[in-house]
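S.K.: Structure file upload35.tsv (TSV, C-alpha atoms) is given on the next line.
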chain	number	residue	atom	x	y	z
A	548	GLU	CA	20.37	-25.45	42.38
A	549	ASN	CA	22.58	-25.14	39.29
A	550	ASN	CA	21.72	-28.73	38.36
A	551	TYR	CA	18.00	-28.02	38.75
A	552	SER	CA	18.28	-24.88	36.57
A	553	THR	CA	20.14	-26.81	33.88
A	554	HIS	CA	17.50	-29.52	34.00
A	555	GLU	CA	14.72	-26.94	33.55
A	556	GLU	CA	16.60	-25.38	30.64
A	557	LEU	CA	17.01	-28.80	29.09
A	558	GLN	CA	13.30	-29.59	29.47
A	559	ALA	CA	12.30	-26.24	27.93
A	560	THR	CA	14.66	-26.79	25.00
A	561	LEU	CA	13.33	-30.30	24.43
A	562	GLN	CA	9.75	-29.02	24.51
A	563	GLU	CA	10.57	-26.27	22.03
A	564	LEU	CA	12.26	-28.82	19.77
A	565	THR	CA	9.21	-31.06	19.93
A	566	ASP	CA	6.93	-28.13	19.11
A	567	LEU	CA	9.12	-27.12	16.18
A	568	GLN	CA	9.20	-30.68	14.85
A	569	GLN	CA	5.42	-30.79	14.97
A	570	GLN	CA	5.21	-27.40	13.26
A	571	LEU	CA	7.64	-28.60	10.59
A	572	GLU	CA	5.56	-31.72	9.94
A	573	GLU	CA	2.41	-29.60	9.63
A	574	LEU	CA	4.12	-27.23	7.19
A	575	GLN	CA	5.44	-30.14	5.13
A	576	SER	CA	1.94	-31.62	4.99
A	577	GLU	CA	0.48	-28.27	3.98
A	578	ASN	CA	3.18	-27.88	1.35
A	579	ARG	CA	2.35	-31.32	-0.12
A	580	THR	CA	-1.35	-30.40	-0.18
A	581	LEU	CA	-0.60	-27.11	-1.91
A	582	ALA	CA	1.57	-28.90	-4.46
A	583	ASP	CA	-1.24	-31.38	-5.17
A	584	ASP	CA	-3.77	-28.56	-5.50
A	585	LYS	CA	-1.41	-26.70	-7.78
A	586	GLY	CA	-1.08	-29.78	-10.00
A	587	LEU	CA	-4.84	-30.23	-10.22
A	588	LEU	CA	-5.38	-26.58	-11.02
A	589	TYR	CA	-2.67	-26.67	-13.64
A	590	GLU	CA	-4.33	-29.67	-15.30
A	591	SER	CA	-7.67	-27.90	-15.22
A	592	LEU	CA	-6.09	-24.76	-16.65
A	593	CYS	CA	-4.59	-26.80	-19.51
A	594	GLU	CA	-7.97	-28.40	-20.24
A	595	GLN	CA	-9.70	-25.02	-20.21
A	596	THR	CA	-7.04	-23.60	-22.50
A	597	GLU	CA	-7.61	-26.45	-24.94
A	598	LYS	CA	-11.37	-25.87	-24.82
A	599	LEU	CA	-10.81	-22.17	-25.40
A	600	GLY	CA	-8.71	-22.99	-28.46
A	601	ALA	CA	-11.44	-25.28	-29.78
A	602	CYS	CA	-14.03	-22.55	-29.26
A	603	ARG	CA	-11.86	-20.07	-31.11
A	604	ASN	CA	-11.58	-22.51	-34.02
A	605	GLN	CA	-15.34	-23.03	-34.00
A	606	LEU	CA	-15.86	-19.28	-33.95
A	607	GLU	CA	-13.51	-18.77	-36.87
A	608	SER	CA	-15.23	-21.54	-38.86
A	609	THR	CA	-18.59	-19.94	-38.21
A	610	ARG	CA	-17.30	-16.56	-39.38
A	611	GLN	CA	-16.00	-18.17	-42.56
A	612	LEU	CA	-19.39	-19.76	-43.17
A	613	LEU	CA	-21.06	-16.39	-42.79
A	614	LEU	CA	-18.72	-14.83	-45.31
A	615	GLN	CA	-19.12	-17.69	-47.83
A	616	LYS	CA	-22.90	-17.68	-47.76
A	617	GLU	CA	-23.37	-14.00	-48.66
A	618	ASP	CA	-24.14	-14.84	-52.28
A	619	ASN	CA	-27.07	-17.17	-51.47
A	620	ASP	CA	-30.71	-16.31	-51.87
A	621	LYS	CA	-31.76	-13.37	-49.67
A	622	MET	CA	-34.57	-15.29	-47.95
A	623	ASP	CA	-32.41	-18.31	-47.30
A	624	ASN	CA	-29.51	-16.07	-46.39
A	625	SER	CA	-31.51	-14.25	-43.75
A	626	GLU	CA	-32.50	-17.51	-42.06
A	627	ARG	CA	-28.98	-18.89	-42.26
A	628	GLU	CA	-27.52	-15.67	-41.00
A	629	LYS	CA	-29.82	-15.79	-38.01
A	630	LYS	CA	-28.82	-19.37	-37.23
A	631	LEU	CA	-25.16	-18.64	-37.78
A	632	LEU	CA	-25.35	-15.53	-35.63
A	633	ASP	CA	-26.96	-17.62	-32.88
A	634	VAL	CA	-24.15	-20.15	-33.15
A	635	LEU	CA	-21.63	-17.32	-33.23
A	636	LYS	CA	-23.14	-15.69	-30.15
A	637	SER	CA	-23.19	-19.03	-28.34
A	638	ALA	CA	-19.56	-19.71	-29.24
A	639	GLN	CA	-18.57	-16.19	-28.17
A	640	ASP	CA	-20.36	-16.64	-24.81
A	641	GLU	CA	-18.62	-19.99	-24.27
A	642	ARG	CA	-15.29	-18.45	-25.19
A	643	ASP	CA	-15.83	-15.60	-22.73
A	644	ARG	CA	-16.85	-18.05	-20.01
A	645	LEU	CA	-13.80	-20.24	-20.62
A	646	GLU	CA	-11.50	-17.24	-20.77
A	647	SER	CA	-12.86	-16.03	-17.43
A	648	LYS	CA	-12.42	-19.48	-15.91
A	649	ALA	CA	-8.87	-19.69	-17.28
A	650	ASN	CA	-8.08	-16.31	-15.71
A	651	ASP	CA	-9.54	-17.48	-12.39
A	652	LEU	CA	-7.48	-20.66	-12.52
A	653	THR	CA	-4.35	-18.73	-13.38
A	654	SER	CA	-4.96	-16.46	-10.43
A	655	THR	CA	-5.52	-19.45	-8.14
A	656	VAL	CA	-2.34	-21.12	-9.38
A	657	ASP	CA	-0.42	-17.91	-8.67
A	658	GLU	CA	-1.90	-17.76	-5.16
A	659	LEU	CA	-0.99	-21.41	-4.53
A	660	ARG	CA	2.51	-20.81	-5.84
A	661	THR	CA	2.90	-17.89	-3.43
A	662	ALA	CA	1.52	-19.95	-0.54
A	663	ALA	CA	3.89	-22.83	-1.37
A	664	GLU	CA	6.85	-20.45	-1.48
A	665	THR	CA	5.82	-19.00	1.88
A	666	SER	CA	5.49	-22.48	3.37
A	667	THR	CA	8.89	-23.42	2.00
A	668	ARG	CA	10.46	-20.33	3.58
A	669	GLU	CA	8.71	-21.07	6.89
A	670	MET	CA	9.93	-24.68	6.80
A	671	SER	CA	13.45	-23.48	6.17
A	672	LEU	CA	13.26	-21.14	9.16
A	673	VAL	CA	11.85	-23.90	11.35
A	674	GLN	CA	14.64	-26.25	10.26
A	675	GLU	CA	17.25	-23.60	11.05
A	676	ARG	CA	15.66	-23.04	14.46
A	677	MET	CA	15.61	-26.80	15.10
A	678	ALA	CA	19.28	-27.08	14.20
A	679	PHE	CA	20.07	-24.21	16.57
A	680	LEU	CA	18.05	-25.81	19.36
A	681	GLU	CA	19.67	-29.18	18.80
A	682	ARG	CA	23.09	-27.53	19.14
A	683	THR	CA	21.86	-25.74	22.27
A	684	LEU	CA	20.50	-29.01	23.63
A	685	HIS	CA	23.84	-30.68	23.05
A	686	THR	CA	25.63	-27.83	24.84
A	687	VAL	CA	23.20	-27.93	27.78
A	688	ARG	CA	23.64	-31.69	28.09
A	689	MET	CA	27.40	-31.28	28.11
A	690	GLU	CA	27.12	-28.57	30.77
A	691	LYS	CA	24.81	-30.81	32.79
A	692	GLU	CA	27.26	-33.69	32.61
A	693	HIS	CA	30.07	-31.36	33.63
A	694	ALA	CA	28.00	-30.02	36.56
A	695	GLU	CA	27.14	-33.56	37.66
A	696	ARG	CA	30.82	-34.55	37.57
A	697	GLU	CA	31.73	-31.49	39.63
A	698	LEU	CA	28.92	-32.29	42.08
A	699	ASN	CA	30.15	-35.88	42.44
A	700	ASP	CA	33.72	-34.65	42.91
A	701	LEU	CA	32.54	-32.27	45.63
A	702	LYS	CA	30.54	-35.02	47.30
A	703	ASN	CA	33.58	-37.30	47.21
A	704	ASP	CA	35.76	-34.54	48.65
A	705	LEU	CA	33.24	-33.95	51.46
A	706	SER	CA	32.92	-37.63	52.28
A	707	CYS	CA	36.70	-38.01	52.44
A	708	LYS	CA	37.01	-35.26	55.04
Starting from the file, lay out its structure as structure tokens.

M.R.:
Amino acid sequence: ENNYSTHEELQATLQELTDLQQQLEELQSENRTLADDKGLLYESLCEQTEKLGACRNQLESTRQLLLQKEDNDKMDNSEREKKLLDVLKSAQDERDRLESKANDLTSTVDELRTAAETSTREMSLVQERMAFLERTLHTVRMEKEHAERELNDLKNDLSCK
């Protein structure tokens, strides 16, 4: 009966170890995916930041053109101003769009970073649990061997009598 109980304990511990190993592998895979996503988002964020800088430069150049052309003919100036204002409005809209996208990407990167940290903590806990279960498994195996030796000794004692 003791041997059977030890065997059941051993089987349950092995099953839990197997489940934890599978969970660990899944978390490691998820962590790699999150790291890849984070890298892609970071690249995209860098590109959007560069585009935003270019738009700011274009906007500043357009403002300078507006200021330089004030002395031109009023009729010509009005037409140029309209065109320049259209370009300015377009550049401002693009800048706003890129700024919004950059903020979204920053937020997503932060979320991914948090998710990766959570996965890392979970993996650490799973690894600690696995180490504990492996130690428990070793102890149970030793107890089983000891119980089997005692059982054999008792059998030998009974057969000698």

S.K.: For Thr560 of chain A, which residue among A:Leu684, A:Met677, A:Ala638, A:Leu599 is the nearest when counting all atoms listed in the file?

M.R.: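 Comparing A:Leu684, A:Met677, A:Ala638, A:Leu599 against Thr560 of chain A, the winner is A:Leu684.
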
S.K.: Compare A:Glu690, A:Glu577, A:Asp566, A:Glu572 by their minimum atom-to-atom distance to Glu664 of chain A, counting all atoms listed in the file, and give me the closest one.

M.R.: A:Glu577

S.K.: Point out the residue among A:Arg696, A:Arg676, A:Arg603, A:Arg660 with the least atom-to-atom distance to Thr565 of chain A, counting only C-alpha atoms.

M.R.: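 Smallest distance to Thr565 of chain A is found for A:Arg676.
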
S.K.: Write out as lines of an AutoDock Vina configuration file an axis-aligned box for segment 630-648 of chain A: all of its atoms listed in the file, 3 Å added on each side, centre and edge lengths in Å with one decimal.

M.R.:
center_x = -20.2
center_y = -17.9
center_z = -26.8
size_x = 23.3
size_y = 10.7
size_z = 27.9

S.K.: Interatomic distance between atom CA of Glu695 of chain A and atom CA of Glu556 of chain A?

M.R.: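 Atom-to-atom, atom CA of Glu695 of chain A and atom CA of Glu556 of chain A are spaced 15.1 Å apart.
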
S.K.: What is the atom CA of Gln595 of chain A-atom CA of Ala649 of chain A distance in Å, reported with one decimal?

M.R.: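 Calculated distance between atom CA of Gln595 of chain A and atom CA of Ala649 of chain A is 6.1 Å.
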
S.K.: If we draw a sphere of 12 Å around (26.9, -28.8, 30.0), which residues have at least one atom in it when counting all atoms listed in the file? Please report them as a PyMOL selection string.

M.R.: chain A and resi 549-550+552-554+556-557+682-697

S.K.: Find the residues around Thr665 of chain A up to 12 Å (all atoms listed in the file counted), leave out those fewer than 4 positions away in its own chain, and share them as a list in words.

M.R.: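 Surrounding residues, per the criterion: Leu574, Gln575, Glu577, Asn578, Leu581, Glu658, Leu659, Arg660, Thr661, Glu669, Met670, Ser671 and Leu672 of chain A.
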
S.K.: Those selected residues, please, written with C-alpha atoms and delivered as a PDB file, in the frame of the given file.

M.R.:
ATOM      1  CA  LEU A 574       4.120 -27.230   7.190  1.00  0.00           C
ATOM      2  CA  GLN A 575       5.440 -30.140   5.130  1.00  0.00           C
ATOM      3  CA  GLU A 577       0.480 -28.270   3.980  1.00  0.00           C
ATOM      4  CA  ASN A 578       3.180 -27.880   1.350  1.00  0.00           C
ATOM      5  CA  LEU A 581      -0.600 -27.110  -1.910  1.00  0.00           C
ATOM      6  CA  GLU A 658      -1.900 -17.760  -5.160  1.00  0.00           C
ATOM      7  CA  LEU A 659      -0.990 -21.410  -4.530  1.00  0.00           C
ATOM      8  CA  ARG A 660       2.510 -20.810  -5.840  1.00  0.00           C
ATOM      9  CA  THR A 661       2.900 -17.890  -3.430  1.00  0.00           C
ATOM     10  CA  GLU A 669       8.710 -21.070   6.890  1.00  0.00           C
ATOM     11  CA  MET A 670       9.930 -24.680   6.800  1.00  0.00           C
ATOM     12  CA  SER A 671      13.450 -23.480   6.170  1.00  0.00           C
ATOM     13  CA  LEU A 672      13.260 -21.140   9.160  1.00  0.00           C
TER      14      LEU A 672
END

S.K.: Neighbours of Asn650 of chain A within 12 Å (all atoms listed in the file; same-chain residues fewer than 6 positions away dropped), as a list of chain:residue names?

M.R.: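 The neighbour list is A:Leu588, A:Tyr589, A:Ser591, A:Leu592, A:Cys593, A:Gln595, A:Thr596, A:Leu599, A:Asp643, A:Arg644, A:Val656, A:Asp657.
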
S.K.: Rank nothing, just name the residue among A:Leu698, A:Arg579, A:Leu680, A:Leu587 nearest to Gln558 of chain A, using only C-alpha atoms.

M.R.: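 Closest candidate: A:Leu680.
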
S.K.: Between A:Glu594, A:Val673, A:Lys585, A:Gln569, which has the minimum distance to Ser654 of chain A (counting all atoms listed in the file)?

M.R.: A:Lys585

S.K.: Given only C-alpha atoms as the basis, pick out the residue of A:Gln568, A:Gln562, A:Gln639, A:Ser666 nearest to Ala582 of chain A.

M.R.: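 Residue with the minimum atom-to-atom distance to Ala582 of chain A: A:Ser666.
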
S.K.: Which distance in Å separates atom CA of Asn703 of chain A and atom CA of Glu555 of chain A, to one decimal?

M.R.: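 Going from atom CA of Asn703 of chain A over to atom CA of Glu555 of chain A covers 25.5 Å.
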
S.K.: Can you put N, CA and C atoms back into segment 641-656 of chain A and show it as an mmCIF file, in the frame of the given file?

M.R.:
data_model
loop_
_atom_site.group_PDB
_atom_site.id
_atom_site.type_symbol
_atom_site.label_atom_id
_atom_site.label_comp_id
_atom_site.auth_asym_id
_atom_site.auth_seq_id
_atom_site.Cartn_x
_atom_site.Cartn_y
_atom_site.Cartn_z
ATOM 1 N N GLU A 641 -19.423 -18.874 -24.817
ATOM 2 C CA GLU A 641 -18.620 -19.990 -24.270
ATOM 3 C C GLU A 641 -17.151 -19.595 -24.179
ATOM 4 N N ARG A 642 -16.678 -18.910 -25.200
ATOM 5 C CA ARG A 642 -15.290 -18.450 -25.190
ATOM 6 C C ARG A 642 -15.050 -17.488 -24.026
ATOM 7 N N ASP A 643 -15.961 -16.564 -23.833
ATOM 8 C CA ASP A 643 -15.830 -15.600 -22.730
ATOM 9 C C ASP A 643 -15.855 -16.322 -21.380
ATOM 10 N N ARG A 644 -16.751 -17.287 -21.256
ATOM 11 C CA ARG A 644 -16.850 -18.050 -20.010
ATOM 12 C C ARG A 644 -15.548 -18.816 -19.745
ATOM 13 N N LEU A 645 -15.040 -19.473 -20.775
ATOM 14 C CA LEU A 645 -13.800 -20.240 -20.620
ATOM 15 C C LEU A 645 -12.602 -19.326 -20.352
ATOM 16 N N GLU A 646 -12.582 -18.192 -20.999
ATOM 17 C CA GLU A 646 -11.500 -17.240 -20.770
ATOM 18 C C GLU A 646 -11.517 -16.740 -19.324
ATOM 19 N N SER A 647 -12.715 -16.468 -18.826
ATOM 20 C CA SER A 647 -12.860 -16.030 -17.430
ATOM 21 C C SER A 647 -12.401 -17.122 -16.479
ATOM 22 N N LYS A 648 -12.813 -18.361 -16.762
ATOM 23 C CA LYS A 648 -12.420 -19.480 -15.910
ATOM 24 C C LYS A 648 -10.902 -19.688 -15.962
ATOM 25 N N ALA A 649 -10.322 -19.546 -17.138
ATOM 26 C CA ALA A 649 -8.870 -19.690 -17.280
ATOM 27 C C ALA A 649 -8.152 -18.604 -16.472
ATOM 28 N N ASN A 650 -8.677 -17.387 -16.507
ATOM 29 C CA ASN A 650 -8.080 -16.310 -15.710
ATOM 30 C C ASN A 650 -8.190 -16.602 -14.226
ATOM 31 N N ASP A 651 -9.357 -17.111 -13.808
ATOM 32 C CA ASP A 651 -9.540 -17.480 -12.390
ATOM 33 C C ASP A 651 -8.549 -18.562 -11.985
ATOM 34 N N LEU A 652 -8.408 -19.567 -12.832
ATOM 35 C CA LEU A 652 -7.480 -20.660 -12.520
ATOM 36 C C LEU A 652 -6.033 -20.169 -12.493
ATOM 37 N N THR A 653 -5.700 -19.289 -13.382
ATOM 38 C CA THR A 653 -4.350 -18.730 -13.380
ATOM 39 C C THR A 653 -4.097 -17.975 -12.085
ATOM 40 N N SER A 654 -5.082 -17.204 -11.680
ATOM 41 C CA SER A 654 -4.960 -16.460 -10.430
ATOM 42 C C SER A 654 -4.809 -17.413 -9.244
ATOM 43 N N THR A 655 -5.606 -18.474 -9.226
ATOM 44 C CA THR A 655 -5.520 -19.450 -8.140
ATOM 45 C C THR A 655 -4.165 -20.145 -8.128
ATOM 46 N N VAL A 656 -3.659 -20.494 -9.298
ATOM 47 C CA VAL A 656 -2.340 -21.120 -9.380
ATOM 48 C C VAL A 656 -1.272 -20.168 -8.838
#
